[in-house]
Structures are given as structure tokens and as C-alpha cells.
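Asker: This structure is in C-alpha cells; I'll ask about it shortly.
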Amino acid sequence: MGSSSPLHFTHSSPLHTSPLSPAHSNISSPGREMERLAKARSKLLESESNQTPRLPPETREQLRYVSKDGKCRVNLGHIDERGRFLSDIFTSFVDLQYRWFLFVFMMCYITTWFLFAGLYYVNASIRGDMGQEQPLDGFISALLFSVETQRTIGYGSRTVSPTCHEGVLLVMMQCIVGSMIDALMVGCMFVKISRPKKRAETLLFSRTCVIANRDDQLCLMFRLGDLRESHMVDAKVRAKLIKSRQTAEGEFLPLEQTEIDLGYETGSDRLFLVEPQVIQHNIGASSPLWDLGPEQLRRQQFEIIVILEGIVEATGMMCQAKTSYIETEIEWGARFEPCMMLEKGSFRVDLRRFHTTYKVPLPNCSASQAHQLMVLAGCKVQSHTAYRECDAWAEGAAEEETPKKALVR
């Protein structure tokens with residue numbers, strides 16, 4: 001995420017200074033030691049904004065954790081125990097790219113054909129059954145016989161004699177091996193073609209996020225929709241905030257993941273995804289965006305990962321679609337244009353407006369600052385109301401005292 005090396009923070013951190021000598025540690029009191037640690041921690045937190053340098057837009061785009069089309073840009077290196085992949089050979093085949101998968105698919109059949117062709121050729125040569133008048137007159141004849149046996153073609157020009165026991169055993173072995181290869185390769189091909197990975201390409205995410213007030217609550221909003229008429233079953237959406245930070249002890253966390261609540265407790269994260277919907281995150285005190293205003297959005301570097309999961313109605317398989325929003329893709333003071341309209345007795349979705357936004361008035365302050373201003377305003381109103389009530393009570397008391405003085409006279 002465009003951060004410096006953790007070693008830099010370790011050497012420059014005030015907490016990683018040289019230890020005190022025994023004489024000095026005996027003289028300093030526990031109070032002074034705690035004060036020194038507190039100052040060191042405050043300096044560390046004050047310099048947190050300078051730990052992640054700003055990057056050009058082109059470089060920042062290349063350092064996405066998740067691309068806009070949902071691909072995770074994480075490469076695993078220096079894997080020593082590669083034998084773990086062979087323990088799950090089926091998943092390893094399915095995860096291969098198509099060009100490598102087709103290459104393995106063809107090589108499995110070609111290898112077995114040539115292997116058993118060689119065995120047939122050697123067996124015929126040893127028994128003296130190789131010649132023009134014999135079933136096999138060369139290696140090409142043995143190869144054709146191997147293909148005919150494994151694929152059960154059976155042209156009838158080449159057969160195994162009952163007196164050739166080795167040939168009968170080879171035919172049985174090739175039939176068993178061929179059935180196993182068919183089951184594995186055809187199964188892998190079916191699973192690879194029917195994987196719901198391509199289903200995610202018909203799920204739309206808005207290009208940008210917007211921040212605006214909704215029901216007197218500052219909210220982060222984005223829009224998602226489905227292009228197919230076959231809907232996602234049990235669709236759920238969740239979001240993560242990816243941000244680098246340094247702890248109070250000086251430990252650097254390059255990609256810390258923080259949950260963004262999209263209504264898990266209320267159930268609003270479960271979607272009936274028939275038409276495009278605007279998903280909102282209420283920026284409350286527990287939100288990681290509580291202290292972020294428009295100025296902080298320009299200075300900081302973070303990434304919001306949105307994950308949509310659901311079951312494909314046609315196949316019953318789980319589908320997952322992902323996208324991400326960086327700080328430059330968040331619009332402050334904007335809303336999405338409505339894209340639903342009633343036309344000829346039915347609802348119509350205008351996808352031309354799916355990504356369109358419009359500006360709305362919004363103060364240039366974070367949710368925490370706005371909350372503090374509202375609290376101060378409420379205190380002022382309460383004090384003014386109390387002052388007026390006090391004046392009214394004093395005037396009423398004075399009016400009551402006036403008749404009593406008249407009676408006394």
C-alpha cells in the first residue's frame with residue numbers, strides 16, 4: 001500500500017532506544033519512566049501520518065490489493081513444500097489456466113497411448129508376432145491398437161489372440177487406466193466449465209463510492225446490481241477496510257483488515273438482488289471512517305474491499321464477486337441517481353444511470369467532528385432553555401411576592 005520498510009519504523013521509533021544504564025535506572029523514578037514512555041508513544045502516533053508517503057495516481061493504481069474486476073494481487077513466493085499440491089490433485093487441475101489444463105488433458109491420453117503401444121510392440125517382438133502377415137507389423141500398428149483399445153473403437157483388423165496371455169493382461173490394464181483417466185479428466189473439465197467464476201462478470205459494482213447524509217446519518221454508499229434474469233439466491237454483501245498502520249509499540253501492520261458493518265445485526269446485508277440496490281454503511285462511533293473527513297480522505301491511503309456472495313440459481317453453486325475502492329474513488333457529498341422507473345405497468349432499470357452521481361450539500365468535516373458540533377449545539381440550546389426557565393421562574397416568584405406585600409401593608 002505504498003508504505004516504507006518496517007525496518008525504517010523500528011530504527012526511527014522512539015520506543016526502540018538504547019536501554020538505560022543500571023545507575024540511571026536506579027535514579028529515575030517510576031513516574032518519570034512512565035512519563036518518558038508516554039511522550040515517546042505520543043511522538044510515535046503523531047508521526048503516523050508521515051509514515052506512508054503519498055504516491056502518484058499511476059503507482060497507486062498498480063498497488064491495489066484487489067483490482068476492480070475482483071482479482072487479488074497477492075503472489076506467493078518461496079513455497080518449499082510443493083508436494084502439498086499433489087495431495088489434492090483434482091483441485092490443482094481445476095485451478096490450472098485453460099492452456100495448461102488442455103495441455104495436461106491431452107498429455108494424459110497421449111502418454112498412455114504411447115506407453116501401452118511400446119508394451120504391445122515389445123511383447124509382439126519377444127513372441128515373434130511382428131511381420132507383414134501378423135496383426136502388428138511395426139510401432140505404428142501397435143500405437144493404433146493402443147488407441148483402439150483405450151477408446152473402444154474396435155475396427156477389427158487388429159485383435160489379441162487368446163493364446164497371448166501377456167496381451168490379454170495389457171488390454172485389461174489399459175482399459176482400467178483409460179477409465180480412470182476418463183473419470184478424472186472429464187470430471188475436471190466439467191467442473192472447470194461449470195464453475196460460477198464467470199457468473200461474477202454479470203454482477204455490477206458502481207465505479208465509485210459516495211458519502212452523504214441519509215436519515216440524518218452520515219453514510220458510505222455504493223451500488224450493485226445483477227444483469228441476468230436468473231437471480232442470486234441468498235445473496236450477502238460484506239466489506240473490509242485495508243489500511244497500513246503502526247501500533248503504539250512500533251510494530252508496522254502493512255495490510256490490516258477492519259470490518260465495515262453493512263447491517264449484519266439488522267439483516268440488511270442479506271439482499272434480494274432483483275434490481276440495483278444502494279448499500280449503505282452508517283458511519284458511527286464504531287466505524288473505521290468515524291474520524292475521516294474530506295481532507296483526511298485526500299491525505300490517507302486505504303482500500304475498501306466489497307465482497308458479494310450468493311448461490312447461482314441455475315447450478316446451485318456458490319458464486320463470489322469482488323471489487324475495491326481506493327481513497328480517490330470516494331466522492332464526498334454525492335448521491336447516486338435513481339435508475340428505476342415505472343413504465344407500462346412494470347419496473348424498468350436504466351443501466352445508463354447505474355454509475356451516475358450528483359452533488360449534494362455536505363459539511364467538510366468528519367462524522368466525529370459533526371457529532372461534537374451537535375453536542376455543543378445541544379448544550380447551548382439546553383443552557384439557553386434553562387436560562388429562560390430560570391427567568392420565567394424568577395418573574396413568577398416576583399409576581400407572587402407583590403400581593404403578599406400589599407396584604408401586609
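If you're wondering about the labels, chains in the C-alpha cells are A, B, ... by order shown, residues count from 1 in each chain, ligands from 1 in order shown.
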Using only C-alpha atoms, which residues sit within 12 Å of segment 236-241 of chain A once same-chain residues fewer than 3 positions away are excluded, as a PyMOL selection string?

Answerer: chain A and resi 65-66+205+220-225+232-233+244+255-264+267-273+277-281+287-289+301-311+318-327

Asker: Considering only C-alpha atoms, return as a PDB file with N, CA, C and O atoms, in the first residue's frame whatever protein or nucleic-acid residues lie within 6 Å of segment 146-159 of chain A, sequence-local ones (same chain, fewer than 3 positions apart) excluded.

Answerer:
```pdb
ATOM      1  N   TRP A 113      -1.281 -43.772 -24.430  1.00  0.00           N
ATOM      2  CA  TRP A 113      -1.301 -44.433 -25.730  1.00  0.00           C
ATOM      3  C   TRP A 113       0.098 -44.894 -26.140  1.00  0.00           C
ATOM      4  O   TRP A 113       0.285 -46.034 -26.559  1.00  0.00           O
ATOM      5  N   ALA A 117       1.460 -48.706 -26.285  1.00  0.00           N
ATOM      6  CA  ALA A 117       1.931 -49.083 -27.622  1.00  0.00           C
ATOM      7  C   ALA A 117       3.329 -49.668 -27.536  1.00  0.00           C
ATOM      8  O   ALA A 117       3.640 -50.678 -28.211  1.00  0.00           O
ATOM      9  N   PRO A 135      -0.691 -59.450 -36.855  1.00  0.00           N
ATOM     10  CA  PRO A 135      -1.525 -58.276 -36.514  1.00  0.00           C
ATOM     11  C   PRO A 135      -0.713 -56.993 -36.383  1.00  0.00           C
ATOM     12  O   PRO A 135      -1.218 -55.913 -36.716  1.00  0.00           O
ATOM     13  N   LEU A 143       0.679 -48.604 -31.955  1.00  0.00           N
ATOM     14  CA  LEU A 143       0.064 -47.363 -31.469  1.00  0.00           C
ATOM     15  C   LEU A 143      -1.415 -47.309 -31.832  1.00  0.00           C
ATOM     16  O   LEU A 143      -2.260 -46.920 -31.004  1.00  0.00           O
ATOM     17  N   CYS A 175      -7.543 -50.834 -20.238  1.00  0.00           N
ATOM     18  CA  CYS A 175      -8.952 -50.488 -20.044  1.00  0.00           C
ATOM     19  C   CYS A 175      -9.186 -49.842 -18.671  1.00  0.00           C
ATOM     20  O   CYS A 175      -9.928 -48.858 -18.553  1.00  0.00           O
ATOM     21  N   GLY A 178      -7.464 -46.370 -18.693  1.00  0.00           N
ATOM     22  CA  GLY A 178      -8.238 -45.450 -19.521  1.00  0.00           C
ATOM     23  C   GLY A 178      -9.507 -44.981 -18.832  1.00  0.00           C
ATOM     24  O   GLY A 178      -9.883 -43.800 -18.937  1.00  0.00           O
TER      25      GLY A 178
END
```

Asker: What parts of segment 200-365 of chain A does DSSP call alpha helix (DSSP H)? I'd like the answer as a list in words.

Answerer: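 Going through segment 200-365 of chain A, the alpha helix (DSSP H) residues come out as Pro294, Glu295, Gln296, Leu297, Arg298 and Arg299 of chain A.
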
Asker: Which distance in Å separates atom CA of Phe103 of chain A and atom CA of Lys192 of chain A, to one decimal?

Answerer: 14.4 Å

Asker: Using only C-alpha atoms, which residue out of A:Asp216, A:Glu229, A:Glu251, A:Asp95 lies closest to Lys197 of chain A?

Answerer: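 Closest to Lys197 of chain A of all the choices is A:Asp95.
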
Asker: So how many Å separate atom CA of Cys209 of chain A and atom CA of Val360 of chain A, to one decimal?

Answerer: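 Distance between the two atoms: 14.0 Å.
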
Asker: Pick from A:Thr315, A:Asp69, A:Ala248, A:Val168: nearest to Leu203 of chain A, with only C-alpha atoms counted?

Answerer: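 So, comparing all the options, the nearest one is A:Asp69.
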
Asker: Pick the closest to Gln372 of chain A from A:Ala285, A:Leu102, A:Ala334, A:Arg199: which is it, counting only C-alpha atoms?

Answerer: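 Using only C-alpha atoms, the shortest distance to Gln372 of chain A belongs to A:Ala285.
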
Asker: At what distance in Å, to one decimal, does atom CA of Met185 of chain A lie from atom CA of Trp100 of chain A?

Answerer: 13.0 Å

Asker: Considering only strand (DSSP E or B) as DSSP defines it on the backbone, what residues of segment 28-239 of chain A qualify? List them as a PyMOL selection string.

Answerer: chain A and resi 66+72+130+136+203-205+209-213+218-226+232-239

Asker: Okay, now the selection with N, CA, C and O atoms, as a CSV table (one decimal), in the first residue's frame?

Answerer:
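Wrote result-v1.csv, looks like this:
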```csv
chain,number,residue,atom,x,y,z
A,66,VAL,N,-6.9,-5.5,-4.3
A,66,VAL,CA,-7.8,-6.2,-5.2
A,66,VAL,C,-8.1,-5.3,-6.3
A,66,VAL,O,-8.4,-4.1,-6.1
A,72,CYS,N,-7.3,-10.7,-6.8
A,72,CYS,CA,-6.4,-10.4,-5.7
A,72,CYS,C,-4.9,-10.3,-6.2
A,72,CYS,O,-4.4,-11.3,-6.8
A,130,MET,N,5.7,-60.2,-34.9
A,130,MET,CA,5.9,-59.0,-35.7
A,130,MET,C,6.2,-59.4,-37.2
A,130,MET,O,7.1,-60.1,-37.4
A,136,LEU,N,0.5,-57.1,-35.9
A,136,LEU,CA,1.4,-55.9,-35.7
A,136,LEU,C,2.6,-56.0,-36.7
A,136,LEU,O,3.3,-57.0,-36.7
A,203,LEU,N,-22.3,-9.5,-12.6
A,203,LEU,CA,-22.6,-8.7,-11.4
A,203,LEU,C,-21.9,-7.3,-11.5
A,203,LEU,O,-20.7,-7.3,-11.7
A,204,LEU,N,-22.7,-6.3,-11.3
A,204,LEU,CA,-22.1,-4.9,-11.5
A,204,LEU,C,-21.9,-4.2,-10.1
A,204,LEU,O,-22.7,-4.4,-9.2
A,205,PHE,N,-20.8,-3.5,-10.0
A,205,PHE,CA,-20.5,-2.7,-8.9
A,205,PHE,C,-20.3,-1.2,-9.4
A,205,PHE,O,-19.7,-1.1,-10.5
A,209,CYS,N,-17.6,5.1,-4.7
A,209,CYS,CA,-18.4,5.2,-3.5
A,209,CYS,C,-18.8,6.6,-3.3
A,209,CYS,O,-18.1,7.6,-3.8
A,210,VAL,N,-19.9,6.9,-2.6
A,210,VAL,CA,-20.3,8.2,-2.2
A,210,VAL,C,-20.5,8.3,-0.7
A,210,VAL,O,-20.8,7.3,-0.1
A,211,ILE,N,-20.4,9.5,-0.2
A,211,ILE,CA,-20.6,9.8,1.2
A,211,ILE,C,-21.6,10.9,1.3
A,211,ILE,O,-21.4,12.0,0.7
A,212,ALA,N,-22.7,10.7,1.9
A,212,ALA,CA,-23.7,11.7,2.1
A,212,ALA,C,-24.6,11.4,3.3
A,212,ALA,O,-24.5,10.3,3.9
A,213,ASN,N,-25.5,12.3,3.6
A,213,ASN,CA,-26.4,12.0,4.8
A,213,ASN,C,-27.6,11.3,4.3
A,213,ASN,O,-28.2,11.5,3.2
A,218,LEU,N,-24.6,10.2,8.6
A,218,LEU,CA,-23.6,10.2,7.6
A,218,LEU,C,-23.3,8.7,7.1
A,218,LEU,O,-23.0,7.9,8.0
A,219,CYS,N,-23.4,8.5,5.8
A,219,CYS,CA,-23.3,7.1,5.3
A,219,CYS,C,-22.3,7.0,4.2
A,219,CYS,O,-22.2,8.0,3.4
A,220,LEU,N,-21.6,5.9,4.1
A,220,LEU,CA,-20.9,5.5,2.9
A,220,LEU,C,-21.7,4.6,2.1
A,220,LEU,O,-22.2,3.6,2.6
A,221,MET,N,-21.9,4.9,0.8
A,221,MET,CA,-22.8,4.1,-0.1
A,221,MET,C,-22.2,3.7,-1.4
A,221,MET,O,-21.3,4.4,-1.9
A,222,PHE,N,-22.5,2.6,-1.9
A,222,PHE,CA,-22.1,2.1,-3.2
A,222,PHE,C,-23.3,1.3,-3.8
A,222,PHE,O,-24.2,0.9,-3.0
A,223,ARG,N,-23.3,1.1,-5.1
A,223,ARG,CA,-24.4,0.4,-5.7
A,223,ARG,C,-24.0,-0.8,-6.4
A,223,ARG,O,-22.8,-0.9,-6.9
A,224,LEU,N,-24.8,-1.9,-6.3
A,224,LEU,CA,-24.5,-3.1,-7.0
A,224,LEU,C,-25.8,-3.6,-7.7
A,224,LEU,O,-26.9,-3.3,-7.2
A,225,GLY,N,-25.6,-4.4,-8.7
A,225,GLY,CA,-26.8,-5.0,-9.5
A,225,GLY,C,-26.4,-6.2,-10.2
A,225,GLY,O,-25.3,-6.7,-10.2
A,226,ASP,N,-27.4,-6.9,-10.8
A,226,ASP,CA,-27.3,-8.1,-11.5
A,226,ASP,C,-27.9,-8.0,-12.9
A,226,ASP,O,-29.0,-7.5,-13.0
A,232,MET,N,-29.6,-14.3,-8.0
A,232,MET,CA,-28.7,-14.9,-7.0
A,232,MET,C,-29.6,-15.3,-5.8
A,232,MET,O,-30.4,-14.5,-5.3
A,233,VAL,N,-29.4,-16.5,-5.3
A,233,VAL,CA,-30.1,-17.0,-4.1
A,233,VAL,C,-29.3,-16.8,-2.8
A,233,VAL,O,-28.1,-17.0,-2.8
A,234,ASP,N,-29.9,-16.2,-1.8
A,234,ASP,CA,-29.3,-16.0,-0.5
A,234,ASP,C,-28.0,-15.1,-0.7
A,234,ASP,O,-26.9,-15.4,-0.3
A,235,ALA,N,-28.2,-14.0,-1.4
A,235,ALA,CA,-27.1,-13.1,-1.6
A,235,ALA,C,-26.7,-12.3,-0.4
A,235,ALA,O,-27.6,-11.8,0.3
A,236,LYS,N,-25.4,-12.2,-0.1
A,236,LYS,CA,-24.9,-11.5,1.1
A,236,LYS,C,-23.8,-10.6,0.6
A,236,LYS,O,-23.0,-11.0,-0.3
A,237,VAL,N,-23.6,-9.4,1.3
A,237,VAL,CA,-22.6,-8.5,0.9
A,237,VAL,C,-21.8,-8.1,2.2
A,237,VAL,O,-22.5,-8.0,3.3
A,238,ARG,N,-20.5,-8.0,2.1
A,238,ARG,CA,-19.7,-7.6,3.2
A,238,ARG,C,-18.6,-6.7,2.7
A,238,ARG,O,-18.3,-6.8,1.5
A,239,ALA,N,-17.9,-6.0,3.6
A,239,ALA,CA,-16.9,-5.1,3.2
A,239,ALA,C,-15.7,-5.1,4.2
A,239,ALA,O,-16.0,-5.3,5.4
```

Asker: Skip segment 347-350 of chain A itself and residues of its chain fewer than 3 positions away, then list as a list in words all residues within 12 Å of it, counting only C-alpha atoms.

Answerer: Gly225, Asp226, Leu227, Val274, Glu275, Pro276, Gln277, Glu337, Pro338, Cys339, Met340, Met341, Leu342, Glu343, Lys344, Arg353, Phe354, His355 and Thr356 of chain A

Asker: Compare A:Glu329, A:Leu119, A:Phe90, A:Gly293 by their minimum atom-to-atom distance to Phe190 of chain A, counting only C-alpha atoms, and give me the closest one.

Answerer: A:Phe90

Asker: Smallest atom-to-atom distance to Ser194 of chain A: which of A:Leu362, A:Asp80, A:Val94, A:Asp215, using only C-alpha atoms?

Answerer: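 Looking only at the distances to Ser194 of chain A, the closest residue turns out to be A:Val94.
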